[in-house]
There are 2 protein chains.
Amino acid sequence: MVVEPIRDRRAERREATKAEILDAAWELVRAEGLAALNLRDLAAKVGMRPPSLYSYFDSKHAIYDAMFLQGNLELLARYEALPVCDDPVGALRQGSRLFVQFGIEDPARAQLLFMRTIPGFEPSAETYDVAKRIVELGIERLTRAGIRPEYFDLWTGIVSGLVWQQIANDAGGDRWTKYVDDVVDMFLAHVNKHNKRGRSK
Amino acid sequence: MVVEPIRDRRAERREATKAEILDAAWELVRAEGLAALNLRDLAAKVGMRPPSLYSYFDSKHAIYDAMFLQGNLELLARYEALPVCDDPVGALRQGSRLFVQFGIEDPARAQLLFMRTIPGFEPSAETYDVAKRIVELGIERLTRAGIRPEYFDLWTGIVSGLVWQQIANDAGGDRWTKYVDDVVDMFLAHVNKHNKRGRSK
DNA sequence: CGTAGAGCCTAACGCCGTTAGGCAAACGGC
DNA sequence: GCCGTTTGCCTAACGGCGTTAGGCTCTACG
């Protein structure tokens, strides 16, 4: 094995510090809320002065953007780690549970990823692509379950609403799993009814 | 008719100015986003210096609170102005359409009223009561349609999700009316199925 | 007419994100 | 092994934010 160029060591160190900053940011955001993040506290948490953060991120929005990317990568990884499920309905249920679980377990992250509440923050094109891939995975599941495209928006709205409602009500426990299953059932029953009507025409 | 005491004239004037400030705040919030509201622009819009706003509101959060109250009163008024609908299902559909319409027509207002995205802002007890009354009106409609309490949360989650989804996707037109009707149908079908199963036990 | 207070002002404070500029340590070429 | 460059962090400061202190002016009222 070749010796690593020293240059890479530096880059590694740099990436490690970036990761440390992001970890601290997540911690602050979880504790105080998404919009309450501020660079002075963040810098203090990683043992720096505020302006030094600008060696690693161009702006506060760039930090949000990096967090946005991290969150989406995490979600994508979980989707891909899901055991294969041959039953299309089971797969839809599985994916929906994953999404709701992901949203509920970290409300601040859900707010960053799925709501647009920070004024002036738009995810960069690169990070947005990952978000798109996740949407595609969801669409794949919907399609396999026999749901037609005109219902996709309705479905995402319903599932997001579930997450939002659980977060807003500080709902504990795992009652949400029943909700998810209920919603999958009712949605499938509804679109199947319409599909049949459509076919019989 | 007795002459109005001058004292009341002053109070009237004061209330008028408060209303003017709130109107300007709504305008700014609609144009720039909820969190982008700032006292300097707001003061300029009503022809004052920023500190003068403190003669009318104790803080920026007090302004949000007054807006929160106004928004809820508006929604309540619309609910009460709804023509009476004897058909329980029709009434549920009617109420749901009203809610979604209300949310979509002013996303910033919906964000203020139904999401908790402003750090540190909690509606005061007084204003919160109005919000509760609205929830009760919704529950009344659900009950009349034969839906049991355990489904209330699920329903509010679904309807809020619809609003959120329409806002997030900048969806224009009135496609949402179809969505609302779809959702009402599927929800009723679902809970009726469960009701019957429950009864047959 | 004198006094109280309402309504608005200017000045300033502390916090925020951000920029400018400096200084020491680490690096890479000779 | 020395020297210029680069890196990583620093201090100082700017403009914008919400907010407070304090003063001026004009109106209402005894």
# chains A, B, ... in the order shown; residues from 1 in each chain; ligands from 1
>>> interface_residues(of="chain B", to="chain C", cutoff="12 Å", atoms="only C-alpha atoms (C1' of nucleotides)", output="PDB file with N, CA, C and O atoms, in the first residue's frame")
ATOM      1  N   ARG B   7     -62.555  60.923  26.049  1.00  0.00           N
ATOM      2  CA  ARG B   7     -61.675  59.800  26.405  1.00  0.00           C
ATOM      3  C   ARG B   7     -61.824  58.639  25.415  1.00  0.00           C
ATOM      4  O   ARG B   7     -60.846  58.026  25.009  1.00  0.00           O
ATOM      5  N   ARG B  10     -60.085  59.050  22.114  1.00  0.00           N
ATOM      6  CA  ARG B  10     -58.657  58.723  22.182  1.00  0.00           C
ATOM      7  C   ARG B  10     -58.435  57.223  22.079  1.00  0.00           C
ATOM      8  O   ARG B  10     -57.578  56.756  21.335  1.00  0.00           O
ATOM      9  N   ALA B  11     -59.246  56.501  22.852  1.00  0.00           N
ATOM     10  CA  ALA B  11     -59.106  55.045  22.825  1.00  0.00           C
ATOM     11  C   ALA B  11     -59.373  54.512  21.427  1.00  0.00           C
ATOM     12  O   ALA B  11     -58.682  53.602  20.951  1.00  0.00           O
ATOM     13  N   ARG B  13     -58.952  56.111  18.591  1.00  0.00           N
ATOM     14  CA  ARG B  13     -57.786  56.459  17.770  1.00  0.00           C
ATOM     15  C   ARG B  13     -56.656  55.470  17.985  1.00  0.00           C
ATOM     16  O   ARG B  13     -56.015  55.005  17.047  1.00  0.00           O
ATOM     17  N   ARG B  14     -56.461  55.137  19.257  1.00  0.00           N
ATOM     18  CA  ARG B  14     -55.408  54.198  19.623  1.00  0.00           C
ATOM     19  C   ARG B  14     -55.646  52.839  18.961  1.00  0.00           C
ATOM     20  O   ARG B  14     -54.732  52.251  18.379  1.00  0.00           O
ATOM     21  N   THR B  17     -54.908  52.927  15.281  1.00  0.00           N
ATOM     22  CA  THR B  17     -53.481  52.849  14.973  1.00  0.00           C
ATOM     23  C   THR B  17     -52.963  51.424  15.144  1.00  0.00           C
ATOM     24  O   THR B  17     -52.207  50.911  14.309  1.00  0.00           O
ATOM     25  N   ALA B  43     -42.312  49.781  11.142  1.00  0.00           N
ATOM     26  CA  ALA B  43     -42.477  51.169  11.591  1.00  0.00           C
ATOM     27  C   ALA B  43     -42.490  52.122  10.400  1.00  0.00           C
ATOM     28  O   ALA B  43     -43.341  53.020  10.315  1.00  0.00           O
ATOM     29  N   GLY B  47     -45.229  54.906   9.060  1.00  0.00           N
ATOM     30  CA  GLY B  47     -44.764  56.278   9.263  1.00  0.00           C
ATOM     31  C   GLY B  47     -44.314  56.591  10.676  1.00  0.00           C
ATOM     32  O   GLY B  47     -44.591  57.668  11.208  1.00  0.00           O
ATOM     33  N   MET B  48     -43.627  55.644  11.289  1.00  0.00           N
ATOM     34  CA  MET B  48     -43.122  55.858  12.653  1.00  0.00           C
ATOM     35  C   MET B  48     -41.657  55.469  12.712  1.00  0.00           C
ATOM     36  O   MET B  48     -41.124  54.909  11.768  1.00  0.00           O
ATOM     37  N   ARG B  49     -41.033  55.757  13.874  1.00  0.00           N
ATOM     38  CA  ARG B  49     -39.725  55.191  14.186  1.00  0.00           C
ATOM     39  C   ARG B  49     -39.946  53.901  14.965  1.00  0.00           C
ATOM     40  O   ARG B  49     -40.925  53.799  15.705  1.00  0.00           O
ATOM     41  N   PRO B  50     -39.024  52.970  14.827  1.00  0.00           N
ATOM     42  CA  PRO B  50     -39.221  51.655  15.450  1.00  0.00           C
ATOM     43  C   PRO B  50     -39.648  51.687  16.917  1.00  0.00           C
ATOM     44  O   PRO B  50     -40.582  50.982  17.293  1.00  0.00           O
ATOM     45  N   PRO B  51     -38.993  52.492  17.771  1.00  0.00           N
ATOM     46  CA  PRO B  51     -39.369  52.402  19.191  1.00  0.00           C
ATOM     47  C   PRO B  51     -40.805  52.830  19.463  1.00  0.00           C
ATOM     48  O   PRO B  51     -41.378  52.449  20.482  1.00  0.00           O
ATOM     49  N   SER B  52     -41.382  53.620  18.567  1.00  0.00           N
ATOM     50  CA  SER B  52     -42.748  54.089  18.800  1.00  0.00           C
ATOM     51  C   SER B  52     -43.757  52.953  18.775  1.00  0.00           C
ATOM     52  O   SER B  52     -44.839  53.060  19.369  1.00  0.00           O
ATOM     53  N   LEU B  53     -43.396  51.878  18.096  1.00  0.00           N
ATOM     54  CA  LEU B  53     -44.302  50.722  18.064  1.00  0.00           C
ATOM     55  C   LEU B  53     -44.540  50.190  19.473  1.00  0.00           C
ATOM     56  O   LEU B  53     -45.573  49.581  19.740  1.00  0.00           O
ATOM     57  N   TYR B  54     -43.577  50.456  20.359  1.00  0.00           N
ATOM     58  CA  TYR B  54     -43.712  49.919  21.716  1.00  0.00           C
ATOM     59  C   TYR B  54     -44.772  50.644  22.532  1.00  0.00           C
ATOM     60  O   TYR B  54     -45.113  50.228  23.630  1.00  0.00           O
ATOM     61  N   SER B  55     -45.309  51.769  21.991  1.00  0.00           N
ATOM     62  CA  SER B  55     -46.473  52.378  22.648  1.00  0.00           C
ATOM     63  C   SER B  55     -47.707  51.534  22.425  1.00  0.00           C
ATOM     64  O   SER B  55     -48.698  51.670  23.143  1.00  0.00           O
ATOM     65  N   TYR B  56     -47.651  50.672  21.407  1.00  0.00           N
ATOM     66  CA  TYR B  56     -48.846  49.904  21.043  1.00  0.00           C
ATOM     67  C   TYR B  56     -48.703  48.415  21.343  1.00  0.00           C
ATOM     68  O   TYR B  56     -49.692  47.747  21.631  1.00  0.00           O
TER      69      TYR B  56
END
>>> interface_residues(of="chain B", to="chain A", cutoff="7 Å", atoms="only C-alpha atoms", output="list of chain:residue names")
B:Gly33, B:Ala35, B:Ala36, B:Thr117, B:Pro119, B:Leu154, B:Gly157, B:Ile158, B:Ser160, B:Gly161, B:Leu162, B:Trp164, B:Gln165, B:Tyr179, B:Met186, B:Phe187, B:His190
>>> write_last_selection(atoms="N, CA, C and O atoms", output="mmCIF file, in the first residue's frame")
data_model
loop_
_atom_site.group_PDB
_atom_site.id
_atom_site.type_symbol
_atom_site.label_atom_id
_atom_site.label_comp_id
_atom_site.auth_asym_id
_atom_site.auth_seq_id
_atom_site.Cartn_x
_atom_site.Cartn_y
_atom_site.Cartn_z
ATOM 1 N N GLY B 33 -42.491 36.753 3.966
ATOM 2 C CA GLY B 33 -42.422 35.567 4.810
ATOM 3 C C GLY B 33 -42.600 35.919 6.268
ATOM 4 O O GLY B 33 -42.268 37.031 6.701
ATOM 5 N N ALA B 35 -41.158 34.909 9.127
ATOM 6 C CA ALA B 35 -39.999 35.159 9.987
ATOM 7 C C ALA B 35 -39.224 36.391 9.538
ATOM 8 O O ALA B 35 -38.361 36.877 10.261
ATOM 9 N N ALA B 36 -39.541 36.916 8.360
ATOM 10 C CA ALA B 36 -38.785 38.061 7.839
ATOM 11 C C ALA B 36 -39.330 39.393 8.344
ATOM 12 O O ALA B 36 -38.773 40.449 8.057
ATOM 13 N N THR B 117 -43.022 27.640 14.298
ATOM 14 C CA THR B 117 -41.695 27.808 13.700
ATOM 15 C C THR B 117 -40.964 29.036 14.209
ATOM 16 O O THR B 117 -39.783 29.210 13.927
ATOM 17 N N PRO B 119 -39.070 30.857 17.003
ATOM 18 C CA PRO B 119 -38.501 30.458 18.282
ATOM 19 C C PRO B 119 -38.938 31.401 19.386
ATOM 20 O O PRO B 119 -38.844 32.611 19.252
ATOM 21 N N LEU B 154 -55.914 11.829 13.843
ATOM 22 C CA LEU B 154 -55.558 11.367 12.500
ATOM 23 C C LEU B 154 -56.154 12.294 11.446
ATOM 24 O O LEU B 154 -55.482 12.683 10.491
ATOM 25 N N GLY B 157 -54.411 15.640 11.291
ATOM 26 C CA GLY B 157 -53.123 15.435 10.633
ATOM 27 C C GLY B 157 -53.261 15.378 9.131
ATOM 28 O O GLY B 157 -52.502 16.003 8.391
ATOM 29 N N ILE B 158 -54.262 14.652 8.679
ATOM 30 C CA ILE B 158 -54.455 14.490 7.237
ATOM 31 C C ILE B 158 -54.805 15.819 6.577
ATOM 32 O O ILE B 158 -54.225 16.188 5.548
ATOM 33 N N SER B 160 -54.304 18.917 7.709
ATOM 34 C CA SER B 160 -53.169 19.840 7.764
ATOM 35 C C SER B 160 -52.128 19.457 6.724
ATOM 36 O O SER B 160 -51.515 20.330 6.099
ATOM 37 N N GLY B 161 -51.941 18.181 6.552
ATOM 38 C CA GLY B 161 -50.989 17.709 5.552
ATOM 39 C C GLY B 161 -51.368 18.186 4.166
ATOM 40 O O GLY B 161 -50.513 18.571 3.365
ATOM 41 N N LEU B 162 -52.650 18.196 3.893
ATOM 42 C CA LEU B 162 -53.126 18.682 2.600
ATOM 43 C C LEU B 162 -52.763 20.146 2.402
ATOM 44 O O LEU B 162 -52.249 20.539 1.350
ATOM 45 N N TRP B 164 -50.413 21.840 3.962
ATOM 46 C CA TRP B 164 -48.969 21.939 3.884
ATOM 47 C C TRP B 164 -48.462 21.554 2.495
ATOM 48 O O TRP B 164 -47.628 22.232 1.899
ATOM 49 N N GLN B 165 -49.008 20.474 1.980
ATOM 50 C CA GLN B 165 -48.530 19.970 0.700
ATOM 51 C C GLN B 165 -48.839 20.954 -0.431
ATOM 52 O O GLN B 165 -48.011 21.202 -1.304
ATOM 53 N N TYR B 179 -58.928 17.051 -3.940
ATOM 54 C CA TYR B 179 -58.183 16.356 -2.898
ATOM 55 C C TYR B 179 -58.986 16.286 -1.603
ATOM 56 O O TYR B 179 -59.058 15.240 -0.958
ATOM 57 N N MET B 186 -62.366 8.931 1.563
ATOM 58 C CA MET B 186 -61.571 7.772 1.975
ATOM 59 C C MET B 186 -61.557 7.651 3.485
ATOM 60 O O MET B 186 -61.596 6.552 4.026
ATOM 61 N N PHE B 187 -61.552 8.780 4.150
ATOM 62 C CA PHE B 187 -61.535 8.730 5.609
ATOM 63 C C PHE B 187 -62.843 8.136 6.143
ATOM 64 O O PHE B 187 -62.837 7.249 7.001
ATOM 65 N N HIS B 190 -63.059 4.488 5.540
ATOM 66 C CA HIS B 190 -62.181 3.759 6.450
ATOM 67 C C HIS B 190 -62.788 3.617 7.852
ATOM 68 O O HIS B 190 -62.874 2.519 8.389
#
>>> atom_distance(atom1="atom CA of A:Ala62", atom2="atom CA of A:Lys18")
11.6 Å
>>> interface_residues(of="chain B", to="chain D", cutoff="8 Å", atoms="only C-alpha atoms (C1' of nucleotides)", output="list in words")
Asn38, Leu39, Pro51 and Lys60 of chain B
>>> residues_around(residues="B:Cys85", least_positions_apart="3", cutoff="12 Å", atoms="only C-alpha atoms (C1' of nucleotides)", output="list of chain:residue names")
B:Tyr79, B:Glu80, B:Ala81, B:Leu82, B:Pro88, B:Val89, B:Gly90, B:Ala91, B:Leu92, B:Arg93, B:Gln94, B:Gly95, B:Arg141, B:Arg144, B:Ala145
>>> residues_around(residues="B:Leu75", least_positions_apart="5", cutoff="9 Å", atoms="only C-alpha atoms (C1' of nucleotides)", output="list in words")
Gln70, Glu80, Leu98, Phe99, Phe102 and Ile134 of chain B
>>> select_by_dssp(residues="stretch 2-198 of chain B", states="helix (DSSP H, G or I)", output="count of residues only")
155
>>> decode(residues="stretch 2-22 of chain D", atoms="N, CA, C and O atoms (P, O5', C5', C4', C3', O3' and C1' of nucleotides)", output="tab-separated table (two decimals), in the first residue's frame")
chain	number	residue	atom	x	y	z
D	2	DC	P	18.83	26.83	9.78
D	2	DC	O5'	18.17	27.79	8.70
D	2	DC	C5'	18.97	28.38	7.68
D	2	DC	C4'	18.12	28.69	6.46
D	2	DC	C3'	17.02	29.75	6.69
D	2	DC	O3'	17.23	30.84	5.80
D	2	DC	C1'	16.16	27.89	5.49
D	3	DC	P	16.28	32.07	5.86
D	3	DC	O5'	15.22	31.69	4.74
D	3	DC	C5'	15.59	31.66	3.35
D	3	DC	C4'	14.34	31.77	2.49
D	3	DC	C3'	13.39	32.88	2.91
D	3	DC	O3'	12.75	33.41	1.75
D	3	DC	C1'	12.30	30.80	3.15
D	4	DG	P	12.02	34.80	1.82
D	4	DG	O5'	10.61	34.48	1.17
D	4	DG	C5'	10.52	34.21	-0.24
D	4	DG	C4'	9.32	33.32	-0.54
D	4	DG	C3'	7.95	34.00	-0.37
D	4	DG	O3'	7.13	33.64	-1.46
D	4	DG	C1'	8.08	32.09	1.02
D	5	DT	P	5.74	34.32	-1.71
D	5	DT	O5'	4.72	33.16	-1.34
D	5	DT	C5'	4.93	31.84	-1.89
D	5	DT	C4'	3.99	30.87	-1.22
D	5	DT	C3'	2.55	31.37	-1.05
D	5	DT	O3'	1.69	30.41	-1.65
D	5	DT	C1'	3.39	30.45	0.98
D	6	DT	P	0.17	30.69	-1.89
D	6	DT	O5'	-0.49	29.78	-0.77
D	6	DT	C5'	-0.01	28.44	-0.59
D	6	DT	C4'	-0.46	27.91	0.76
D	6	DT	C3'	-1.94	28.22	1.08
D	6	DT	O3'	-2.56	26.99	1.39
D	6	DT	C1'	-0.54	28.70	2.93
D	7	DT	P	-4.13	26.84	1.52
D	7	DT	O5'	-4.28	26.53	3.08
D	7	DT	C5'	-3.46	25.51	3.67
D	7	DT	C4'	-3.58	25.59	5.18
D	7	DT	C3'	-5.00	25.78	5.69
D	7	DT	O3'	-5.24	24.75	6.64
D	7	DT	C1'	-3.53	27.35	6.70
D	8	DG	P	-6.63	24.56	7.34
D	8	DG	O5'	-6.45	25.37	8.69
D	8	DG	C5'	-5.59	24.87	9.71
D	8	DG	C4'	-5.74	25.73	10.94
D	8	DG	C3'	-7.20	26.00	11.31
D	8	DG	O3'	-7.36	25.87	12.71
D	8	DG	C1'	-6.06	28.04	11.00
D	9	DC	P	-8.78	25.76	13.37
D	9	DC	O5'	-8.91	27.14	14.14
D	9	DC	C5'	-8.04	27.40	15.23
D	9	DC	C4'	-7.71	28.86	15.30
D	9	DC	C3'	-8.87	29.79	15.69
D	9	DC	O3'	-8.97	29.88	17.11
D	9	DC	C1'	-7.32	30.77	14.12
D	10	DC	P	-10.03	30.88	17.78
D	10	DC	O5'	-9.33	32.32	17.74
D	10	DC	C5'	-8.12	32.52	18.45
D	10	DC	C4'	-7.53	33.88	18.11
D	10	DC	C3'	-8.46	35.05	18.38
D	10	DC	O3'	-8.25	35.54	19.69
D	10	DC	C1'	-7.42	35.25	16.23
D	11	DT	P	-9.33	36.44	20.41
D	11	DT	O5'	-9.06	37.93	19.93
D	11	DT	C5'	-7.74	38.47	19.88
D	11	DT	C4'	-7.76	39.83	19.19
D	11	DT	C3'	-8.85	40.78	19.68
D	11	DT	O3'	-8.31	42.10	19.77
D	11	DT	C1'	-9.15	40.43	17.37
D	12	DA	P	-9.17	43.30	20.39
D	12	DA	O5'	-9.76	44.05	19.11
D	12	DA	C5'	-8.91	44.28	17.98
D	12	DA	C4'	-9.67	45.06	16.90
D	12	DA	C3'	-10.80	45.95	17.44
D	12	DA	O3'	-10.74	47.20	16.76
D	12	DA	C1'	-11.67	44.42	15.86
D	13	DA	P	-11.74	48.42	17.12
D	13	DA	O5'	-12.85	48.30	15.97
D	13	DA	C5'	-12.41	48.10	14.63
D	13	DA	C4'	-13.59	47.72	13.76
D	13	DA	C3'	-14.89	48.50	14.07
D	13	DA	O3'	-15.32	49.16	12.91
D	13	DA	C1'	-15.32	46.20	13.81
D	14	DC	P	-16.41	50.34	12.96
D	14	DC	O5'	-17.39	49.97	11.77
D	14	DC	C5'	-16.90	49.29	10.61
D	14	DC	C4'	-18.06	48.59	9.93
D	14	DC	C3'	-19.39	49.30	10.14
D	14	DC	O3'	-20.05	49.53	8.90
D	14	DC	C1'	-19.56	47.02	10.76
D	15	DG	P	-21.10	50.74	8.85
D	15	DG	O5'	-22.43	49.92	8.62
D	15	DG	C5'	-22.51	48.94	7.58
D	15	DG	C4'	-23.67	48.01	7.87
D	15	DG	C3'	-24.99	48.72	8.21
D	15	DG	O3'	-26.03	48.06	7.52
D	15	DG	C1'	-24.45	47.20	9.92
D	16	DG	P	-27.51	48.69	7.51
D	16	DG	O5'	-28.39	47.61	8.28
D	16	DG	C5'	-28.46	46.27	7.80
D	16	DG	C4'	-29.12	45.40	8.84
D	16	DG	C3'	-30.39	46.00	9.44
D	16	DG	O3'	-31.47	45.07	9.35
D	16	DG	C1'	-28.90	45.32	11.17
D	17	DC	P	-32.93	45.51	9.73
D	17	DC	O5'	-33.11	44.83	11.17
D	17	DC	C5'	-33.15	43.40	11.27
D	17	DC	C4'	-33.01	42.97	12.72
D	17	DC	C3'	-34.01	43.57	13.68
D	17	DC	O3'	-35.19	42.80	13.69
D	17	DC	C1'	-31.80	43.47	14.64
D	18	DG	P	-36.52	43.42	14.31
D	18	DG	O5'	-36.27	43.24	15.87
D	18	DG	C5'	-36.30	41.95	16.44
D	18	DG	C4'	-36.05	42.03	17.93
D	18	DG	C3'	-37.13	42.74	18.73
D	18	DG	O3'	-37.34	42.06	19.96
D	18	DG	C1'	-35.08	43.90	19.02
D	19	DT	P	-38.47	42.55	21.01
D	19	DT	O5'	-37.72	43.66	21.86
D	19	DT	C5'	-36.51	43.31	22.55
D	19	DT	C4'	-35.92	44.53	23.21
D	19	DT	C3'	-36.91	45.40	24.00
D	19	DT	O3'	-36.66	45.20	25.38
D	19	DT	C1'	-35.30	46.70	22.79
D	20	DT	P	-37.54	46.00	26.52
D	20	DT	O5'	-36.58	47.23	26.88
D	20	DT	C5'	-35.24	46.99	27.26
D	20	DT	C4'	-34.58	48.29	27.64
D	20	DT	C3'	-35.42	49.21	28.54
D	20	DT	O3'	-34.59	49.65	29.61
D	20	DT	C1'	-34.68	50.40	26.63
D	21	DA	P	-35.20	50.56	30.82
D	21	DA	O5'	-34.59	52.00	30.44
D	21	DA	C5'	-33.30	52.08	29.85
D	21	DA	C4'	-32.83	53.53	29.78
D	21	DA	C3'	-33.57	54.49	30.71
D	21	DA	O3'	-32.64	55.47	31.16
D	21	DA	C1'	-33.95	55.13	28.47
D	22	DG	P	-33.08	56.56	32.27
D	22	DG	O5'	-33.34	57.86	31.39
D	22	DG	C5'	-32.40	58.24	30.41
D	22	DG	C4'	-33.00	59.33	29.53
D	22	DG	C3'	-33.87	60.35	30.27
D	22	DG	O3'	-33.48	61.64	29.85
D	22	DG	C1'	-35.02	59.52	28.43
